[in-house]
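Input: a single structure, listed below in structure tokens.
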Amino acid sequence: MERWEFLKPDGLRFVWDDDLFPPGLDTFLIASMPELKSNMRVCDLGSGTGLLSVILFQRQPDIYITGIEIQPEAVKLANQCAEENKLRNRFYTICADLRNLNLNNLNNISPFDLVITNPPYYPAAGRASPENIKKKIARTEYGCNLLDLVKTAAKILRTGGKFCLVHKPERLTDLLYYLRANNLEPKRLRFVNQKPDAAPSLILLEARRGGKPGLSVEKPLILYHSDGSYTPELNQIYFRD
């Protein structure tokens, strides 16, 4: 079933479908990571129905975003979302497999200033996969793995361009290795903790194509106070302030 929601009162609308991956916290978190500048050219890899792109537009309307998504049903909804929000001249989603991306489809768009993604975290094998193949693609590395994402980001970024993603802490070693091996230097790392005394549950990372060595580890992003209430930063991320 198709569902439409507002990011905030009088804000932009996003769409999702029960048969596809539902909206989640991780998408809002990674959208808070990059510094967005006017006229920035952005690529959302594995963009789904366009939630991450819509959040970025809510933060900075004067940017251009190209979504790359393998599932036709999600692409259709993402482009409907662009129409609904009157962003058709700034936001377009292409149906393509990022592992075999035809750069001719990106003429006059790439190279990008920013590539951003909320990727699947888990290997396709070794973890129970959903019966629904659409959700399997979104939740596991069935359609692409971490190295595929890194290689594609490196291919379509300009020199000095940035790559931002959210992932699990247990994949940090793999991620750092893949990034440096593909000329994407890790520059900013932020751990995400559910509560002040909890171990990190997610990582937010920014790398720069052709950047010099030097990683800044930022203060953790705490989502909830000890009593379970939202922290001010999480309220801001959700456009609740």
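To be explicit about the labels: the chains of the structure tokens are called A, B, and onward in the order shown, and within each one the residues are counted from 1, while ligands get numbers from 1 in the order they are shown.
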Selection: 9 Å around segment 57-66 of chain A, only C-alpha atoms, excl. self and same-chain fewer than 6 positions, as a PDB file with N, CA and C atoms, in the first residue's frame:
ATOM      1  N   LEU A   7       7.402  15.526   6.148  1.00  0.00           N
ATOM      2  CA  LEU A   7       8.571  15.549   7.024  1.00  0.00           C
ATOM      3  C   LEU A   7       8.295  16.402   8.266  1.00  0.00           C
ATOM      4  N   GLY A  11       5.963  21.073   5.439  1.00  0.00           N
ATOM      5  CA  GLY A  11       7.236  20.706   4.830  1.00  0.00           C
ATOM      6  C   GLY A  11       7.042  19.858   3.588  1.00  0.00           C
ATOM      7  N   LEU A  12       8.119  19.257   3.122  1.00  0.00           N
ATOM      8  CA  LEU A  12       8.068  18.385   1.959  1.00  0.00           C
ATOM      9  C   LEU A  12       7.410  17.054   2.320  1.00  0.00           C
ATOM     10  N   ALA A  31      21.335  11.794   6.675  1.00  0.00           N
ATOM     11  CA  ALA A  31      21.006  13.072   6.032  1.00  0.00           C
ATOM     12  C   ALA A  31      21.537  14.257   6.824  1.00  0.00           C
ATOM     13  N   SER A  32      21.815  14.052   8.110  1.00  0.00           N
ATOM     14  CA  SER A  32      22.336  15.135   8.949  1.00  0.00           C
ATOM     15  C   SER A  32      23.849  15.285   8.840  1.00  0.00           C
ATOM     16  N   LEU A  36      25.715  20.860   3.370  1.00  0.00           N
ATOM     17  CA  LEU A  36      25.081  21.089   2.070  1.00  0.00           C
ATOM     18  C   LEU A  36      25.270  22.534   1.647  1.00  0.00           C
ATOM     19  N   LYS A  37      25.684  22.727   0.401  1.00  0.00           N
ATOM     20  CA  LYS A  37      25.925  24.060  -0.124  1.00  0.00           C
ATOM     21  C   LYS A  37      25.062  24.297  -1.358  1.00  0.00           C
ATOM     22  N   SER A  38      24.786  25.553  -1.639  1.00  0.00           N
ATOM     23  CA  SER A  38      23.974  25.935  -2.777  1.00  0.00           C
ATOM     24  C   SER A  38      24.570  25.389  -4.080  1.00  0.00           C
ATOM     25  N   ASN A  39      23.690  24.859  -4.929  1.00  0.00           N
ATOM     26  CA  ASN A  39      24.047  24.316  -6.251  1.00  0.00           C
ATOM     27  C   ASN A  39      24.876  23.041  -6.199  1.00  0.00           C
ATOM     28  N   MET A  40      24.957  22.421  -5.057  1.00  0.00           N
ATOM     29  CA  MET A  40      25.694  21.165  -4.931  1.00  0.00           C
ATOM     30  C   MET A  40      25.019  20.067  -5.761  1.00  0.00           C
ATOM     31  N   ARG A  41      25.829  19.257  -6.438  1.00  0.00           N
ATOM     32  CA  ARG A  41      25.341  18.123  -7.220  1.00  0.00           C
ATOM     33  C   ARG A  41      25.511  16.860  -6.383  1.00  0.00           C
ATOM     34  N   VAL A  42      24.399  16.202  -6.103  1.00  0.00           N
ATOM     35  CA  VAL A  42      24.358  15.086  -5.161  1.00  0.00           C
ATOM     36  C   VAL A  42      23.862  13.830  -5.865  1.00  0.00           C
ATOM     37  N   CYS A  43      24.443  12.687  -5.511  1.00  0.00           N
ATOM     38  CA  CYS A  43      23.942  11.393  -5.968  1.00  0.00           C
ATOM     39  C   CYS A  43      23.579  10.548  -4.759  1.00  0.00           C
ATOM     40  N   ASP A  44      22.355  10.042  -4.752  1.00  0.00           N
ATOM     41  CA  ASP A  44      21.854   9.161  -3.693  1.00  0.00           C
ATOM     42  C   ASP A  44      21.882   7.740  -4.244  1.00  0.00           C
ATOM     43  N   LEU A  45      22.843   6.924  -3.772  1.00  0.00           N
ATOM     44  CA  LEU A  45      22.998   5.556  -4.258  1.00  0.00           C
ATOM     45  C   LEU A  45      22.056   4.623  -3.513  1.00  0.00           C
ATOM     46  N   SER A  47      18.650   4.668  -3.787  1.00  0.00           N
ATOM     47  CA  SER A  47      17.834   5.758  -3.244  1.00  0.00           C
ATOM     48  C   SER A  47      16.421   5.375  -2.855  1.00  0.00           C
ATOM     49  N   LEU A  87       9.874  19.475  -7.445  1.00  0.00           N
ATOM     50  CA  LEU A  87      11.332  19.405  -7.496  1.00  0.00           C
ATOM     51  C   LEU A  87      11.822  18.743  -8.787  1.00  0.00           C
ATOM     52  N   ASN A  89      12.782  19.674 -11.602  1.00  0.00           N
ATOM     53  CA  ASN A  89      13.964  20.229 -12.274  1.00  0.00           C
ATOM     54  C   ASN A  89      15.227  20.071 -11.435  1.00  0.00           C
ATOM     55  N   ARG A  90      15.092  19.546 -10.229  1.00  0.00           N
ATOM     56  CA  ARG A  90      16.252  19.383  -9.339  1.00  0.00           C
ATOM     57  C   ARG A  90      16.449  17.948  -8.857  1.00  0.00           C
ATOM     58  N   PHE A  91      15.452  17.091  -9.037  1.00  0.00           N
ATOM     59  CA  PHE A  91      15.468  15.767  -8.420  1.00  0.00           C
ATOM     60  C   PHE A  91      14.935  14.745  -9.415  1.00  0.00           C
ATOM     61  N   TYR A  92      15.791  13.774  -9.775  1.00  0.00           N
ATOM     62  CA  TYR A  92      15.381  12.741 -10.721  1.00  0.00           C
ATOM     63  C   TYR A  92      16.046  11.432 -10.322  1.00  0.00           C
ATOM     64  N   THR A  93      15.279  10.346 -10.407  1.00  0.00           N
ATOM     65  CA  THR A  93      15.793   9.027 -10.046  1.00  0.00           C
ATOM     66  C   THR A  93      15.885   8.152 -11.285  1.00  0.00           C
ATOM     67  N   ILE A  94      17.040   7.512 -11.453  1.00  0.00           N
ATOM     68  CA  ILE A  94      17.323   6.631 -12.581  1.00  0.00           C
ATOM     69  C   ILE A  94      17.231   5.181 -12.126  1.00  0.00           C
ATOM     70  N   LEU A 106      24.606   9.696 -16.963  1.00  0.00           N
ATOM     71  CA  LEU A 106      24.862  10.763 -16.007  1.00  0.00           C
ATOM     72  C   LEU A 106      25.519  11.973 -16.672  1.00  0.00           C
ATOM     73  N   ILE A 109      25.615  15.677 -15.429  1.00  0.00           N
ATOM     74  CA  ILE A 109      25.273  15.579 -14.004  1.00  0.00           C
ATOM     75  C   ILE A 109      26.518  15.247 -13.197  1.00  0.00           C
TER      76      ILE A 109
END
Practice problem: Find the residues around Asn182 of chain A up to 8 Å (only C-alpha atoms counted), leave out those fewer than 6 positions away in its own chain, and share them as a VMD selection string. | Solution: chain A and resid 150 to 151 154
Could you write out that same residue set with C-alpha atoms as a PDB file, in the first residue's frame?
ATOM      1  CA  VAL A 150      32.611   2.381  -2.476  1.00  0.00           C
ATOM      2  CA  LYS A 151      33.844   1.680  -6.014  1.00  0.00           C
ATOM      3  CA  ALA A 154      34.814   6.775  -6.248  1.00  0.00           C
TER       4      ALA A 154
END
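Shortest atom-to-atom contact with Asp113 of chain A among A:Leu149, A:Leu157, A:Val192, A:Ala96: A:Leu157, counting only C-alpha atoms.
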Quiz prompt | Shell around Glu185 of chain A at 7 Å using only C-alpha atoms, local window under 4 positions removed, as number ranges by chain | solution = A: 179-180, 207-213
Print the selection's residues with C-alpha atoms to a file, as a JSON list (two decimals), in the first residue's frame.
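Printed below is selection_3.json as written:
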[["chain", "number", "residue", "atom", "x", "y", "z"],
["A", 179, "LEU", "CA", 37.70, 3.55, 1.12],
["A", 180, "ARG", "CA", 41.44, 4.11, 1.16],
["A", 207, "ALA", "CA", 35.33, 10.40, 3.06],
["A", 208, "ARG", "CA", 36.88, 12.69, 0.45],
["A", 209, "ARG", "CA", 38.05, 11.64, -2.99],
["A", 210, "GLY", "CA", 41.76, 12.36, -3.22],
["A", 211, "GLY", "CA", 41.88, 13.73, 0.33],
["A", 212, "LYS", "CA", 44.95, 13.84, 2.53],
["A", 213, "PRO", "CA", 45.23, 11.44, 5.50]]
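Rounded to one decimal, atom CA of Glu170 of chain A and atom CA of Pro200 of chain A lie 9.9 Å from each other.
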Quiz item: Looking at A:Gln71, A:Asn102, A:Thr117, A:Thr231, which one is nearest to Phe28 of chain A, with distances taken over only C-alpha atoms?
Solution: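 The shortest atom-to-atom distance to Phe28 of chain A comes from A:Thr117.
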Self-check item: Distance in Å - atom CA of Leu204 of chain A versus atom CA of Asp18 of chain A
Solution: 26.8 Å
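For the residues A:Ile203, A:Arg171, A:Leu215, A:Lys76, ranking by smallest atom-to-atom distance to Pro186 of chain A using only C-alpha atoms places A:Leu215 first.
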Quiz item: In segment 1-223 of chain A, what's strand (DSSP E or B) per DSSP? Answer as a count of residues only?
Solution: 71
Quiz prompt | 9 Å contact set for Lys195 of chain A, only C-alpha atoms, chain neighbours under 2 positions out, as a ChimeraX atom specification | solution = /A:192-193,197-200,222-226,228
Save out the residues we just selected, all heavy atoms, as a PDB file, in the first residue's frame.
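For reference, result-v7.pdb as written:
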ATOM      1  N   VAL A 192      27.097   6.547  16.712  1.00  0.00           N
ATOM      2  CA  VAL A 192      25.719   6.803  17.123  1.00  0.00           C
ATOM      3  C   VAL A 192      25.379   5.860  18.265  1.00  0.00           C
ATOM      4  O   VAL A 192      25.474   4.632  18.114  1.00  0.00           O
ATOM      5  CB  VAL A 192      24.739   6.590  15.959  1.00  0.00           C
ATOM      6  CG1 VAL A 192      23.301   6.848  16.406  1.00  0.00           C
ATOM      7  CG2 VAL A 192      25.099   7.485  14.778  1.00  0.00           C
ATOM      8  N   ASN A 193      25.004   6.430  19.417  1.00  0.00           N
ATOM      9  CA  ASN A 193      24.647   5.648  20.598  1.00  0.00           C
ATOM     10  C   ASN A 193      23.165   5.822  20.897  1.00  0.00           C
ATOM     11  O   ASN A 193      22.653   6.942  20.872  1.00  0.00           O
ATOM     12  CB  ASN A 193      25.443   6.103  21.822  1.00  0.00           C
ATOM     13  CG  ASN A 193      26.941   5.951  21.656  1.00  0.00           C
ATOM     14  OD1 ASN A 193      27.425   5.633  20.572  1.00  0.00           O
ATOM     15  ND2 ASN A 193      27.678   6.184  22.721  1.00  0.00           N
ATOM     16  N   ASP A 197      25.025   5.770  27.953  1.00  0.00           N
ATOM     17  CA  ASP A 197      25.887   4.700  28.473  1.00  0.00           C
ATOM     18  C   ASP A 197      25.907   3.470  27.576  1.00  0.00           C
ATOM     19  O   ASP A 197      26.437   2.424  27.953  1.00  0.00           O
ATOM     20  CB  ASP A 197      25.450   4.312  29.883  1.00  0.00           C
ATOM     21  CG  ASP A 197      24.003   3.846  29.955  1.00  0.00           C
ATOM     22  OD1 ASP A 197      23.278   4.019  28.951  1.00  0.00           O
ATOM     23  OD2 ASP A 197      23.594   3.326  31.007  1.00  0.00           O
ATOM     24  N   ALA A 198      25.340   3.576  26.377  1.00  0.00           N
ATOM     25  CA  ALA A 198      25.273   2.432  25.464  1.00  0.00           C
ATOM     26  C   ALA A 198      26.459   2.420  24.508  1.00  0.00           C
ATOM     27  O   ALA A 198      27.035   3.463  24.196  1.00  0.00           O
ATOM     28  CB  ALA A 198      23.970   2.465  24.668  1.00  0.00           C
ATOM     29  N   ALA A 199      26.793   1.220  24.051  1.00  0.00           N
ATOM     30  CA  ALA A 199      27.819   1.094  23.015  1.00  0.00           C
ATOM     31  C   ALA A 199      27.252   1.593  21.689  1.00  0.00           C
ATOM     32  O   ALA A 199      26.033   1.598  21.488  1.00  0.00           O
ATOM     33  CB  ALA A 199      28.253  -0.360  22.891  1.00  0.00           C
ATOM     34  N   PRO A 200      28.111   2.024  20.772  1.00  0.00           N
ATOM     35  CA  PRO A 200      27.617   2.505  19.481  1.00  0.00           C
ATOM     36  C   PRO A 200      26.817   1.438  18.740  1.00  0.00           C
ATOM     37  O   PRO A 200      27.203   0.260  18.713  1.00  0.00           O
ATOM     38  CB  PRO A 200      28.892   2.851  18.719  1.00  0.00           C
ATOM     39  CG  PRO A 200      29.916   3.101  19.769  1.00  0.00           C
ATOM     40  CD  PRO A 200      29.582   2.155  20.880  1.00  0.00           C
ATOM     41  N   ILE A 222      24.045  11.069  20.452  1.00  0.00           N
ATOM     42  CA  ILE A 222      23.204  10.357  21.412  1.00  0.00           C
ATOM     43  C   ILE A 222      21.743  10.563  21.010  1.00  0.00           C
ATOM     44  O   ILE A 222      21.296  11.702  20.854  1.00  0.00           O
ATOM     45  CB  ILE A 222      23.430  10.864  22.846  1.00  0.00           C
ATOM     46  CG1 ILE A 222      24.936  10.878  23.187  1.00  0.00           C
ATOM     47  CG2 ILE A 222      22.651  10.020  23.844  1.00  0.00           C
ATOM     48  CD1 ILE A 222      25.605   9.537  23.131  1.00  0.00           C
ATOM     49  N   LEU A 223      21.009   9.469  20.863  1.00  0.00           N
ATOM     50  CA  LEU A 223      19.640   9.555  20.366  1.00  0.00           C
ATOM     51  C   LEU A 223      18.615   9.798  21.473  1.00  0.00           C
ATOM     52  O   LEU A 223      17.660  10.567  21.278  1.00  0.00           O
ATOM     53  CB  LEU A 223      19.276   8.272  19.610  1.00  0.00           C
ATOM     54  CG  LEU A 223      20.179   7.914  18.427  1.00  0.00           C
ATOM     55  CD1 LEU A 223      19.700   6.627  17.769  1.00  0.00           C
ATOM     56  CD2 LEU A 223      20.211   9.052  17.407  1.00  0.00           C
ATOM     57  N   TYR A 224      18.803   9.146  22.619  1.00  0.00           N
ATOM     58  CA  TYR A 224      17.806   9.215  23.681  1.00  0.00           C
ATOM     59  C   TYR A 224      18.472   9.489  25.031  1.00  0.00           C
ATOM     60  O   TYR A 224      19.591   9.026  25.296  1.00  0.00           O
ATOM     61  CB  TYR A 224      17.014   7.897  23.785  1.00  0.00           C
ATOM     62  CG  TYR A 224      16.394   7.468  22.483  1.00  0.00           C
ATOM     63  CD1 TYR A 224      17.013   6.495  21.684  1.00  0.00           C
ATOM     64  CD2 TYR A 224      15.203   8.020  22.028  1.00  0.00           C
ATOM     65  CE1 TYR A 224      16.458   6.088  20.480  1.00  0.00           C
ATOM     66  CE2 TYR A 224      14.636   7.614  20.824  1.00  0.00           C
ATOM     67  CZ  TYR A 224      15.270   6.657  20.052  1.00  0.00           C
ATOM     68  OH  TYR A 224      14.717   6.268  18.857  1.00  0.00           O
ATOM     69  N   HIS A 225      17.796  10.243  25.868  1.00  0.00           N
ATOM     70  CA  HIS A 225      18.233  10.398  27.242  1.00  0.00           C
ATOM     71  C   HIS A 225      18.041   9.072  27.989  1.00  0.00           C
ATOM     72  O   HIS A 225      17.376   8.152  27.481  1.00  0.00           O
ATOM     73  CB  HIS A 225      17.424  11.496  27.945  1.00  0.00           C
ATOM     74  CG  HIS A 225      17.646  12.871  27.374  1.00  0.00           C
ATOM     75  ND1 HIS A 225      18.856  13.507  27.426  1.00  0.00           N
ATOM     76  CD2 HIS A 225      16.787  13.725  26.747  1.00  0.00           C
ATOM     77  CE1 HIS A 225      18.762  14.699  26.858  1.00  0.00           C
ATOM     78  NE2 HIS A 225      17.509  14.859  26.430  1.00  0.00           N
ATOM     79  N   SER A 226      18.588   8.985  29.184  1.00  0.00           N
ATOM     80  CA  SER A 226      18.487   7.752  29.967  1.00  0.00           C
ATOM     81  C   SER A 226      17.043   7.364  30.245  1.00  0.00           C
ATOM     82  O   SER A 226      16.718   6.183  30.400  1.00  0.00           O
ATOM     83  CB  SER A 226      19.252   7.900  31.291  1.00  0.00           C
ATOM     84  OG  SER A 226      20.628   8.101  31.038  1.00  0.00           O
ATOM     85  N   GLY A 228      14.654   7.666  28.133  1.00  0.00           N
ATOM     86  CA  GLY A 228      14.018   7.279  26.890  1.00  0.00           C
ATOM     87  C   GLY A 228      13.498   8.427  26.052  1.00  0.00           C
ATOM     88  O   GLY A 228      13.046   8.216  24.914  1.00  0.00           O
TER      89      GLY A 228
END
Please provide as a PDB file with all heavy atoms, in the first residue's frame all residues within 10 Å of Ala74 of chain A, with the sequence filter that same-chain residues fewer than 6 positions apart are discarded (counting only C-alpha atoms).
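After the write, selection_31.pdb holds the following:
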ATOM      1  N   VAL A  15       7.182   9.501   0.213  1.00  0.00           N
ATOM      2  CA  VAL A  15       6.290   8.380  -0.063  1.00  0.00           C
ATOM      3  C   VAL A  15       7.019   7.071   0.200  1.00  0.00           C
ATOM      4  O   VAL A  15       8.235   6.975   0.032  1.00  0.00           O
ATOM      5  CB  VAL A  15       5.783   8.424  -1.523  1.00  0.00           C
ATOM      6  CG1 VAL A  15       6.943   8.334  -2.514  1.00  0.00           C
ATOM      7  CG2 VAL A  15       4.753   7.339  -1.796  1.00  0.00           C
ATOM      8  N   TRP A  16       6.273   6.082   0.649  1.00  0.00           N
ATOM      9  CA  TRP A  16       6.821   4.735   0.783  1.00  0.00           C
ATOM     10  C   TRP A  16       5.709   3.734   0.556  1.00  0.00           C
ATOM     11  O   TRP A  16       4.538   4.097   0.463  1.00  0.00           O
ATOM     12  CB  TRP A  16       7.499   4.535   2.133  1.00  0.00           C
ATOM     13  CG  TRP A  16       6.634   4.743   3.347  1.00  0.00           C
ATOM     14  CD1 TRP A  16       6.214   5.944   3.853  1.00  0.00           C
ATOM     15  CD2 TRP A  16       6.093   3.737   4.204  1.00  0.00           C
ATOM     16  NE1 TRP A  16       5.452   5.755   4.980  1.00  0.00           N
ATOM     17  CE2 TRP A  16       5.361   4.410   5.226  1.00  0.00           C
ATOM     18  CE3 TRP A  16       6.168   2.353   4.238  1.00  0.00           C
ATOM     19  CZ2 TRP A  16       4.705   3.722   6.241  1.00  0.00           C
ATOM     20  CZ3 TRP A  16       5.522   1.669   5.258  1.00  0.00           C
ATOM     21  CH2 TRP A  16       4.804   2.345   6.245  1.00  0.00           C
ATOM     22  N   ASP A  17       6.090   2.477   0.422  1.00  0.00           N
ATOM     23  CA  ASP A  17       5.130   1.434   0.123  1.00  0.00           C
ATOM     24  C   ASP A  17       5.380   0.246   1.039  1.00  0.00           C
ATOM     25  O   ASP A  17       6.536  -0.080   1.341  1.00  0.00           O
ATOM     26  CB  ASP A  17       5.266   1.012  -1.354  1.00  0.00           C
ATOM     27  CG  ASP A  17       4.128   0.122  -1.818  1.00  0.00           C
ATOM     28  OD1 ASP A  17       4.081  -1.054  -1.391  1.00  0.00           O
ATOM     29  OD2 ASP A  17       3.291   0.581  -2.600  1.00  0.00           O
ATOM     30  N   ASP A  19       5.278  -2.800   0.449  1.00  0.00           N
ATOM     31  CA  ASP A  19       6.032  -3.870  -0.213  1.00  0.00           C
ATOM     32  C   ASP A  19       7.514  -3.546  -0.355  1.00  0.00           C
ATOM     33  O   ASP A  19       8.302  -4.415  -0.732  1.00  0.00           O
ATOM     34  CB  ASP A  19       5.453  -4.150  -1.599  1.00  0.00           C
ATOM     35  CG  ASP A  19       4.090  -4.822  -1.534  1.00  0.00           C
ATOM     36  OD1 ASP A  19       3.794  -5.477  -0.519  1.00  0.00           O
ATOM     37  OD2 ASP A  19       3.316  -4.674  -2.496  1.00  0.00           O
ATOM     38  N   LEU A  20       7.870  -2.298  -0.114  1.00  0.00           N
ATOM     39  CA  LEU A  20       9.268  -1.866  -0.191  1.00  0.00           C
ATOM     40  C   LEU A  20       9.768  -1.571   1.219  1.00  0.00           C
ATOM     41  O   LEU A  20       9.044  -1.682   2.194  1.00  0.00           O
ATOM     42  CB  LEU A  20       9.378  -0.628  -1.085  1.00  0.00           C
ATOM     43  CG  LEU A  20       8.898  -0.830  -2.523  1.00  0.00           C
ATOM     44  CD1 LEU A  20       8.746   0.512  -3.219  1.00  0.00           C
ATOM     45  CD2 LEU A  20       9.862  -1.719  -3.299  1.00  0.00           C
ATOM     46  N   PHE A  21      11.032  -1.175   1.330  1.00  0.00           N
ATOM     47  CA  PHE A  21      11.616  -0.938   2.653  1.00  0.00           C
ATOM     48  C   PHE A  21      10.990   0.305   3.289  1.00  0.00           C
ATOM     49  O   PHE A  21      10.941   1.364   2.654  1.00  0.00           O
ATOM     50  CB  PHE A  21      13.124  -0.758   2.527  1.00  0.00           C
ATOM     51  CG  PHE A  21      13.860  -0.925   3.816  1.00  0.00           C
ATOM     52  CD1 PHE A  21      13.893  -2.149   4.453  1.00  0.00           C
ATOM     53  CD2 PHE A  21      14.519   0.143   4.408  1.00  0.00           C
ATOM     54  CE1 PHE A  21      14.582  -2.313   5.635  1.00  0.00           C
ATOM     55  CE2 PHE A  21      15.206  -0.005   5.602  1.00  0.00           C
ATOM     56  CZ  PHE A  21      15.231  -1.248   6.212  1.00  0.00           C
ATOM     57  N   GLY A  46      21.311   3.817  -4.258  1.00  0.00           N
ATOM     58  CA  GLY A  46      20.325   2.943  -3.637  1.00  0.00           C
ATOM     59  C   GLY A  46      19.238   3.774  -2.998  1.00  0.00           C
ATOM     60  O   GLY A  46      18.901   3.600  -1.827  1.00  0.00           O
ATOM     61  N   SER A  47      18.650   4.668  -3.787  1.00  0.00           N
ATOM     62  CA  SER A  47      17.834   5.758  -3.244  1.00  0.00           C
ATOM     63  C   SER A  47      16.421   5.375  -2.855  1.00  0.00           C
ATOM     64  O   SER A  47      15.699   6.186  -2.274  1.00  0.00           O
ATOM     65  CB  SER A  47      17.788   6.906  -4.269  1.00  0.00           C
ATOM     66  OG  SER A  47      17.380   6.427  -5.533  1.00  0.00           O
ATOM     67  N   GLY A  48      15.987   4.160  -3.182  1.00  0.00           N
ATOM     68  CA  GLY A  48      14.651   3.739  -2.783  1.00  0.00           C
ATOM     69  C   GLY A  48      13.581   4.662  -3.342  1.00  0.00           C
ATOM     70  O   GLY A  48      13.633   5.087  -4.496  1.00  0.00           O
ATOM     71  N   THR A  49      12.610   5.004  -2.508  1.00  0.00           N
ATOM     72  CA  THR A  49      11.517   5.876  -2.953  1.00  0.00           C
ATOM     73  C   THR A  49      11.835   7.359  -2.740  1.00  0.00           C
ATOM     74  O   THR A  49      10.958   8.205  -2.908  1.00  0.00           O
ATOM     75  CB  THR A  49      10.212   5.518  -2.220  1.00  0.00           C
ATOM     76  OG1 THR A  49      10.397   5.655  -0.811  1.00  0.00           O
ATOM     77  CG2 THR A  49       9.781   4.093  -2.545  1.00  0.00           C
ATOM     78  N   GLY A  50      13.081   7.661  -2.340  1.00  0.00           N
ATOM     79  CA  GLY A  50      13.527   9.053  -2.323  1.00  0.00           C
ATOM     80  C   GLY A  50      13.506   9.767  -0.995  1.00  0.00           C
ATOM     81  O   GLY A  50      13.714  10.975  -0.943  1.00  0.00           O
ATOM     82  N   GLN A  80       7.499  10.337  -8.705  1.00  0.00           N
ATOM     83  CA  GLN A  80       6.217  10.932  -8.317  1.00  0.00           C
ATOM     84  C   GLN A  80       6.421  11.901  -7.156  1.00  0.00           C
ATOM     85  O   GLN A  80       5.790  12.972  -7.100  1.00  0.00           O
ATOM     86  CB  GLN A  80       5.227   9.847  -7.915  1.00  0.00           C
ATOM     87  CG  GLN A  80       4.680   9.032  -9.070  1.00  0.00           C
ATOM     88  CD  GLN A  80       3.734   7.941  -8.603  1.00  0.00           C
ATOM     89  OE1 GLN A  80       3.397   7.850  -7.419  1.00  0.00           O
ATOM     90  NE2 GLN A  80       3.312   7.096  -9.530  1.00  0.00           N
ATOM     91  N   THR A  93      15.279  10.346 -10.407  1.00  0.00           N
ATOM     92  CA  THR A  93      15.793   9.027 -10.046  1.00  0.00           C
ATOM     93  C   THR A  93      15.885   8.152 -11.285  1.00  0.00           C
ATOM     94  O   THR A  93      14.934   8.060 -12.072  1.00  0.00           O
ATOM     95  CB  THR A  93      14.893   8.362  -8.992  1.00  0.00           C
ATOM     96  OG1 THR A  93      14.832   9.202  -7.834  1.00  0.00           O
ATOM     97  CG2 THR A  93      15.447   7.003  -8.589  1.00  0.00           C
ATOM     98  N   CYS A  95      16.588   4.342 -12.929  1.00  0.00           N
ATOM     99  CA  CYS A  95      16.536   2.910 -12.640  1.00  0.00           C
ATOM    100  C   CYS A  95      17.790   2.260 -13.223  1.00  0.00           C
ATOM    101  O   CYS A  95      17.950   2.179 -14.445  1.00  0.00           O
ATOM    102  CB  CYS A  95      15.276   2.289 -13.242  1.00  0.00           C
ATOM    103  SG  CYS A  95      15.000   0.587 -12.705  1.00  0.00           S
ATOM    104  N   LYS A 134      11.931  -7.718  -2.784  1.00  0.00           N
ATOM    105  CA  LYS A 134      12.164  -6.277  -2.761  1.00  0.00           C
ATOM    106  C   LYS A 134      12.793  -5.857  -1.431  1.00  0.00           C
ATOM    107  O   LYS A 134      13.702  -5.036  -1.383  1.00  0.00           O
ATOM    108  CB  LYS A 134      10.852  -5.533  -2.990  1.00  0.00           C
ATOM    109  CG  LYS A 134      10.201  -5.821  -4.334  1.00  0.00           C
ATOM    110  CD  LYS A 134       8.824  -5.187  -4.421  1.00  0.00           C
ATOM    111  CE  LYS A 134       8.107  -5.583  -5.698  1.00  0.00           C
ATOM    112  NZ  LYS A 134       6.722  -5.059  -5.737  1.00  0.00           N
TER     113      LYS A 134
END
Quiz item: Which distance in Å separates atom CA of Leu51 of chain A and atom CA of Phe14 of chain A, to one decimal?
Solution: 5.8 Å
